[in-house]
>>> print(open('input-v5.txt').read())   # compact mmCIF, C-alpha atoms
# COMPACT_ATOMS: atom_id res chain seq x y z
CA MET A 1266 -18.79 -25.74 8.88
CA ARG A 1267 -15.46 -24.16 9.80
CA LYS A 1268 -13.82 -22.13 7.07
CA TYR A 1269 -10.11 -22.71 6.45
CA ARG A 1270 -7.80 -20.51 4.39
CA HIS A 1271 -4.47 -20.98 2.65
CA GLU A 1272 -1.55 -19.30 4.40
CA LEU A 1273 1.85 -19.03 2.70
CA LYS A 1274 4.83 -17.53 4.54
CA TYR A 1275 8.22 -16.30 3.39
CA ILE A 1276 11.18 -14.34 4.73
CA ILE A 1277 12.32 -11.69 2.27
CA SER A 1278 14.56 -8.61 2.33
CA GLN A 1279 13.42 -5.03 2.80
CA SER A 1280 14.37 -4.27 -0.80
CA GLN A 1281 12.32 -7.21 -2.09
CA ALA A 1282 9.41 -6.10 0.09
CA LEU A 1283 9.51 -2.60 -1.39
CA VAL A 1284 9.41 -3.98 -4.94
CA LEU A 1285 6.39 -6.15 -4.14
CA GLN A 1286 4.61 -3.36 -2.29
CA ASN A 1287 5.00 -0.98 -5.23
CA ARG A 1288 3.56 -3.59 -7.61
CA LEU A 1289 0.74 -4.74 -5.34
CA HIS A 1290 -0.26 -1.17 -4.56
CA SER A 1291 -1.68 -0.77 -8.06
CA ILE A 1292 -4.23 -3.58 -7.70
CA MET A 1293 -4.81 -4.06 -3.96
CA GLU A 1294 -6.25 -1.88 -1.19
CA ILE A 1295 -4.38 -0.74 1.92
CA ASP A 1296 -5.68 -2.33 5.11
CA THR A 1297 -8.09 -0.13 7.05
CA ASN A 1298 -6.06 -0.59 10.26
CA SER A 1299 -3.28 1.56 8.81
CA VAL A 1300 -2.70 4.73 10.81
CA TYR A 1301 0.80 5.91 9.95
CA LYS A 1302 1.96 7.86 6.91
CA ASP A 1303 3.71 4.81 5.48
CA HIS A 1304 0.43 2.85 5.80
CA THR A 1305 1.77 0.61 8.56
CA TYR A 1306 0.30 -0.16 11.96
CA LYS A 1307 1.56 -1.72 15.17
CA ILE A 1308 0.45 -5.06 16.57
CA ARG A 1309 1.12 -6.46 20.01
CA SER A 1310 -0.02 -9.95 20.95
CA LEU A 1311 0.18 -12.00 24.13
CA TYR A 1312 0.23 -15.74 23.45
CA PHE A 1313 -0.84 -18.46 25.86
CA ASP A 1314 0.65 -21.89 26.50
CA ASN A 1315 0.79 -24.45 29.30
CA ASP A 1316 3.63 -25.45 31.64
CA SER A 1317 4.82 -28.06 29.13
CA SER A 1318 4.90 -25.47 26.30
CA ASP A 1319 2.71 -27.74 24.16
CA ALA A 1320 1.76 -24.98 21.68
CA TYR A 1321 5.43 -24.13 21.17
CA TYR A 1322 6.65 -27.70 20.70
CA GLU A 1323 3.70 -28.66 18.50
CA LYS A 1324 4.78 -25.86 16.17
CA LEU A 1325 8.42 -26.96 16.21
CA ASN A 1326 7.45 -30.57 15.58
CA GLY A 1327 5.08 -29.70 12.74
CA VAL A 1328 1.98 -31.23 14.31
CA LEU A 1329 -0.65 -31.22 11.56
CA TYR A 1330 -3.57 -30.05 13.71
CA ARG A 1331 -2.91 -27.50 16.42
CA GLU A 1332 -4.37 -24.40 18.01
CA LYS A 1333 -3.23 -21.48 20.10
CA TYR A 1334 -4.82 -18.52 21.84
CA ARG A 1335 -3.67 -14.92 21.91
CA ILE A 1336 -4.84 -11.51 23.04
CA ARG A 1337 -4.11 -8.76 20.53
CA TYR A 1338 -4.44 -5.01 20.22
CA TYR A 1339 -3.32 -2.38 17.76
CA ASN A 1340 -1.46 0.94 17.76
CA ASP A 1341 -1.26 1.10 21.58
CA ASP A 1342 -5.05 1.45 21.76
CA ASP A 1343 -6.35 -0.59 24.71
CA THR A 1344 -9.97 0.29 23.92
CA PHE A 1345 -10.01 -2.31 21.15
CA ILE A 1346 -8.74 -5.71 22.32
CA ARG A 1347 -9.31 -9.07 20.70
CA LEU A 1348 -9.18 -12.57 22.06
CA GLU A 1349 -8.28 -14.87 19.19
CA ARG A 1350 -7.90 -18.58 18.61
CA LYS A 1351 -5.87 -19.65 15.59
CA LEU A 1352 -6.23 -23.18 14.28
CA LYS A 1353 -3.89 -24.95 11.91
CA HIS A 1354 -4.93 -28.00 9.89
CA ASN A 1355 -2.23 -29.28 7.55
CA ASN A 1356 -1.40 -26.20 5.42
CA MET A 1357 -4.70 -24.44 6.10
CA THR A 1358 -5.61 -22.00 8.86
CA SER A 1359 -8.74 -20.70 10.53
CA LYS A 1360 -9.31 -18.03 13.16
CA ASP A 1361 -11.98 -17.24 15.74
CA GLN A 1362 -12.05 -13.85 17.44
CA ILE A 1363 -14.10 -11.72 19.80
CA ILE A 1364 -13.74 -8.29 21.36
CA ILE A 1365 -13.01 -8.23 25.09
CA THR A 1366 -12.73 -5.37 27.56
CA ARG A 1367 -9.55 -4.17 29.26
CA GLU A 1368 -11.02 -5.35 32.57
CA ILE A 1369 -11.53 -8.90 31.29
CA CYS A 1370 -8.09 -8.85 29.69
CA ASP A 1371 -6.40 -7.80 32.94
CA LYS A 1372 -8.13 -10.56 34.89
CA ILE A 1373 -7.05 -13.16 32.33
CA ILE A 1374 -3.43 -12.00 32.45
CA ASN A 1375 -3.45 -11.93 36.26
CA GLY A 1376 -4.82 -15.47 36.42
CA GLU A 1377 -8.17 -14.40 37.88
CA VAL A 1378 -10.24 -16.49 35.48
CA GLU A 1379 -12.42 -17.90 38.25
CA GLU A 1380 -14.00 -14.46 38.48
CA LEU A 1381 -14.95 -14.52 34.80
CA ASN A 1382 -17.61 -16.18 32.72
CA GLY A 1383 -18.71 -15.72 29.15
CA THR A 1384 -20.21 -17.24 26.06
CA GLY A 1385 -18.84 -18.47 22.76
CA LEU A 1386 -15.09 -18.14 22.28
CA LEU A 1387 -14.54 -16.50 25.68
CA GLU A 1388 -16.25 -19.40 27.42
CA GLU A 1389 -14.21 -21.93 25.44
CA PHE A 1390 -10.99 -20.08 26.24
CA LEU A 1391 -11.77 -19.90 29.96
CA ASN A 1392 -12.55 -23.61 29.98
CA ASP A 1393 -9.25 -24.34 28.22
CA VAL A 1394 -7.37 -22.14 30.69
CA ARG A 1395 -8.77 -24.18 33.57
CA ARG A 1396 -8.52 -27.57 31.88
CA LYS A 1397 -5.16 -27.18 30.14
CA HIS A 1398 -3.66 -24.74 32.66
CA LEU A 1399 -2.96 -22.13 30.01
CA LYS A 1400 -1.09 -19.03 31.06
CA PRO A 1401 0.72 -16.08 29.40
CA SER A 1402 3.68 -17.34 27.38
CA VAL A 1403 5.27 -14.52 25.38
CA ILE A 1404 4.53 -11.05 24.01
CA VAL A 1405 5.10 -10.49 20.30
CA ASP A 1406 5.53 -6.99 18.86
CA TYR A 1407 5.80 -6.02 15.21
CA THR A 1408 4.95 -3.47 12.55
CA ARG A 1409 2.65 -4.51 9.70
CA LEU A 1410 1.83 -3.25 6.23
CA ALA A 1411 -1.19 -5.05 4.80
CA TYR A 1412 -3.01 -5.21 1.47
CA THR A 1413 -6.43 -6.69 0.73
CA TYR A 1414 -8.18 -7.92 -2.41
CA PRO A 1415 -11.87 -8.91 -2.57
CA ILE A 1416 -11.61 -11.97 -4.82
CA SER A 1417 -10.83 -15.01 -2.66
CA GLU A 1418 -10.45 -12.56 0.27
CA VAL A 1419 -6.75 -12.20 -0.36
CA ARG A 1420 -4.72 -10.59 2.40
CA ILE A 1421 -0.99 -9.95 1.99
CA THR A 1422 1.01 -8.69 4.94
CA PHE A 1423 4.58 -7.47 5.42
CA ASP A 1424 5.73 -7.80 9.03
CA SER A 1425 8.93 -6.13 10.21
CA LYS A 1426 10.63 -5.13 13.48
CA ILE A 1427 9.46 -8.37 15.10
CA LYS A 1428 10.39 -8.33 18.78
CA SER A 1429 9.89 -10.60 21.75
CA GLY A 1430 8.65 -9.41 25.13
CA ARG A 1431 10.52 -12.35 26.62
CA TYR A 1432 9.57 -12.81 30.29
CA ASP A 1433 7.36 -9.73 30.71
CA TYR A 1434 3.59 -10.11 30.38
CA GLU A 1435 2.67 -6.45 30.94
CA LEU A 1436 0.76 -6.28 27.67
CA PHE A 1437 -0.11 -2.58 27.91
CA ASP A 1438 3.28 -1.32 29.09
CA ASN A 1439 4.55 1.09 26.42
CA GLU A 1440 8.03 0.90 27.99
CA LEU A 1441 8.16 -2.88 27.71
CA LEU A 1442 11.67 -4.18 27.08
CA THR A 1443 11.67 -6.13 23.82
CA ILE A 1444 14.33 -8.05 21.93
CA PRO A 1445 14.54 -8.27 18.09
CA VAL A 1446 14.16 -11.80 16.72
CA ILE A 1447 14.84 -11.07 13.04
CA GLU A 1448 17.43 -8.94 11.28
CA ASP A 1449 16.64 -5.29 10.52
CA GLU A 1450 16.66 -6.05 6.79
CA GLU A 1451 14.29 -9.02 7.06
CA VAL A 1452 10.54 -8.99 6.48
CA VAL A 1453 8.03 -11.79 7.03
CA LEU A 1454 5.66 -11.97 4.06
CA GLU A 1455 2.33 -13.74 4.55
CA VAL A 1456 -0.13 -14.51 1.75
CA LYS A 1457 -3.61 -15.60 2.85
CA PHE A 1458 -6.53 -16.48 0.59
CA ASN A 1459 -9.55 -18.75 0.30
CA GLU A 1460 -9.84 -21.17 -2.62
CA VAL A 1461 -7.48 -19.84 -5.30
CA LEU A 1462 -4.92 -17.04 -5.40
CA PRO A 1463 -5.89 -14.68 -8.28
CA GLU A 1464 -3.51 -14.92 -11.22
CA THR A 1465 -2.69 -11.20 -11.24
CA ILE A 1466 -1.42 -11.40 -7.67
CA SER A 1467 0.35 -14.70 -8.25
CA ILE A 1468 2.24 -13.22 -11.18
CA ILE A 1469 3.40 -10.24 -9.11
CA LEU A 1470 4.60 -12.49 -6.28
CA SER A 1471 6.49 -14.69 -8.77
CA THR A 1472 8.66 -11.73 -9.83
CA ILE A 1473 10.62 -11.99 -6.57
CA PRO A 1474 12.80 -15.06 -5.86
CA MET A 1475 11.65 -16.53 -2.55
CA TYR A 1476 10.79 -19.89 -1.06
CA ARG A 1477 8.07 -20.86 1.35
CA GLN A 1478 8.99 -21.29 5.01
CA ALA A 1479 7.20 -22.41 8.17
CA VAL A 1480 7.70 -19.05 9.85
CA SER A 1481 5.98 -18.44 13.19
CA LYS A 1482 6.35 -15.12 14.98
CA PHE A 1483 5.15 -16.85 18.15
CA ALA A 1484 7.86 -19.53 17.89
CA LEU A 1485 10.58 -17.02 16.99
CA CYS A 1486 9.78 -14.91 20.04
CA ARG A 1487 9.26 -17.88 22.32
CA SER A 1488 12.56 -19.48 21.28
CA ILE A 1489 14.71 -16.86 23.02
CA LYS A 1490 13.26 -17.68 26.46
>>> encode(input="input-v5.txt", output="structure tokens")
Amino acid sequence: MRKYRHELKYIISQSQALVLQNRLHSIMEIDTNSVYKDHTYKIRSLYFDNDSSDAYYEKLNGVLYREKYRIRYYNDDDTFIRLERKLKHNNMTSKDQIIITREICDKIINGEVEELNGTGLLEEFLNDVRRKHLKPSVIVDYTRLAYTYPISEVRITFDSKIKSGRYDYELFDNELLTIPVIEDEEVVLEVKFNEVLPETISIILSTIPMYRQAVSKFALCRSIK
């Protein structure tokens, strides 16, 4: 049976983020992906959509059940690339992911899927590319600071410097021209957990005034095209 998780999103200020980070740091662990001195890491994702931009408009229209594919890598390291499928069901989310090679990734981006085959998620993605005519839609860049907590598999992330790759699909181009889609002082806060958010974490989050929003980095970046 597929496992779904709660996912709460907010837009907060840098100063609010710092307050929360200082308080969460005492009870949560820093994400193992962190490579920089400030415990952040870089994420770049390439999202896929069809000619009708169904994934984009389903998000804007609040369709209760939807899915989208992306290819993602971290800290400019193209030796570790993931193909991911994110599913949304009401207010719950689920994610499938597999590791793919740079060679496979390049063929997907270049539209050479007829030369590829695979099993599991890769096979399902390739079938959807052919059936739904999926193609690269937008590149999303951002910097993330993440905390984890074992009970209920809590994961809290602070995403800043969110930028859109706009029309360019050169995923591994370090000189890629990107355009900011949020203000410098804004941070996207995401709170993900299984059944129940532990009270200690809930109390810390309640110390900052904020309200839940349907924030999508994909939609923000796609909207400027």
>>> residues_near_point(input="input-v5.txt", point="(15.8, -7.4, 4.8)", cutoff="8 Å", atoms="all atoms listed in the file", output="PDB file with C-alpha atoms, keeping the file's coordinate frame")
ATOM      1  CA  ILE A1277      12.320 -11.690   2.270  1.00  0.00           C
ATOM      2  CA  SER A1278      14.560  -8.610   2.330  1.00  0.00           C
ATOM      3  CA  GLN A1279      13.420  -5.030   2.800  1.00  0.00           C
ATOM      4  CA  SER A1280      14.370  -4.270  -0.800  1.00  0.00           C
ATOM      5  CA  GLN A1281      12.320  -7.210  -2.090  1.00  0.00           C
ATOM      6  CA  GLU A1448      17.430  -8.940  11.280  1.00  0.00           C
ATOM      7  CA  ASP A1449      16.640  -5.290  10.520  1.00  0.00           C
ATOM      8  CA  GLU A1450      16.660  -6.050   6.790  1.00  0.00           C
ATOM      9  CA  GLU A1451      14.290  -9.020   7.060  1.00  0.00           C
ATOM     10  CA  VAL A1452      10.540  -8.990   6.480  1.00  0.00           C
TER      11      VAL A1452
END
>>> residues_around(input="input-v5.txt", residues="A:Leu1485", least_positions_apart="5", cutoff="9 Å", atoms="only C-alpha atoms", output="PyMOL selection string")
chain A and resi 1427-1429+1446-1447+1480
>>> residues_near_point(input="input-v5.txt", point="(-5.8, -21.2, 0.8)", cutoff="7 Å", atoms="all atoms listed in the file", output="VMD selection string")
chain A and resid 1270 to 1272 1357 1457 to 1461
>>> closest_residue(input="input-v5.txt", among="A:Arg1267, A:Arg1409, A:Lys1426, A:Lys1397", to="A:Lys1360", atoms="all atoms listed in the file")
A:Arg1267
>>> residues_around(input="input-v5.txt", residues="A:Val1300", least_positions_apart="2", cutoff="12 Å", atoms="all atoms listed in the file", output="PyMOL selection string")
chain A and resi 1295-1298+1302-1308+1339-1342+1408-1411
>>> atom_distance(input="input-v5.txt", atom1="atom CA of A:Tyr1334", atom2="atom CA of A:Val1419")
23.2 Å
>>> closest_residue(input="input-v5.txt", among="A:Ile1346, A:Val1456, A:Ile1421, A:Ile1404", to="A:Glu1368", atoms="only C-alpha atoms")
A:Ile1346
>>> atom_distance(input="input-v5.txt", atom1="atom CA of A:Ser1317", atom2="atom CA of A:His1354")
21.6 Å
>>> closest_residue(input="input-v5.txt", among="A:Met1266, A:Leu1273, A:Ile1416, A:Val1284", to="A:Val1453", atoms="only C-alpha atoms")
A:Leu1273
>>> closest_atom_pairs(input="input-v5.txt", of="stretch 1300-1369 of chain A", to="stretch 1373-1392 of chain A", cutoff="8 Å", atoms="all atoms listed in the file", output="JSON lines")
{"residue": "A:Tyr1334", "atom": "CA", "partner": "A:Phe1390", "partner_atom": "CA", "distance": 7.7}
{"residue": "A:Leu1348", "atom": "CA", "partner": "A:Leu1387", "partner_atom": "CA", "distance": 7.6}
{"residue": "A:Asp1361", "atom": "CA", "partner": "A:Leu1386", "partner_atom": "CA", "distance": 7.3}
{"residue": "A:Gln1362", "atom": "CA", "partner": "A:Leu1386", "partner_atom": "CA", "distance": 7.1}
{"residue": "A:Ile1363", "atom": "CA", "partner": "A:Leu1386", "partner_atom": "CA", "distance": 7.0}
{"residue": "A:Ile1369", "atom": "CA", "partner": "A:Ile1373", "partner_atom": "CA", "distance": 6.3}
>>> write_last_selection(input="input-v5.txt", atoms="C-alpha atoms", output="PDB file, keeping the file's coordinate frame")
ATOM      1  CA  TYR A1334      -4.820 -18.520  21.840  1.00  0.00           C
ATOM      2  CA  LEU A1348      -9.180 -12.570  22.060  1.00  0.00           C
ATOM      3  CA  ASP A1361     -11.980 -17.240  15.740  1.00  0.00           C
ATOM      4  CA  GLN A1362     -12.050 -13.850  17.440  1.00  0.00           C
ATOM      5  CA  ILE A1363     -14.100 -11.720  19.800  1.00  0.00           C
ATOM      6  CA  ILE A1369     -11.530  -8.900  31.290  1.00  0.00           C
TER       7      ILE A1369
END
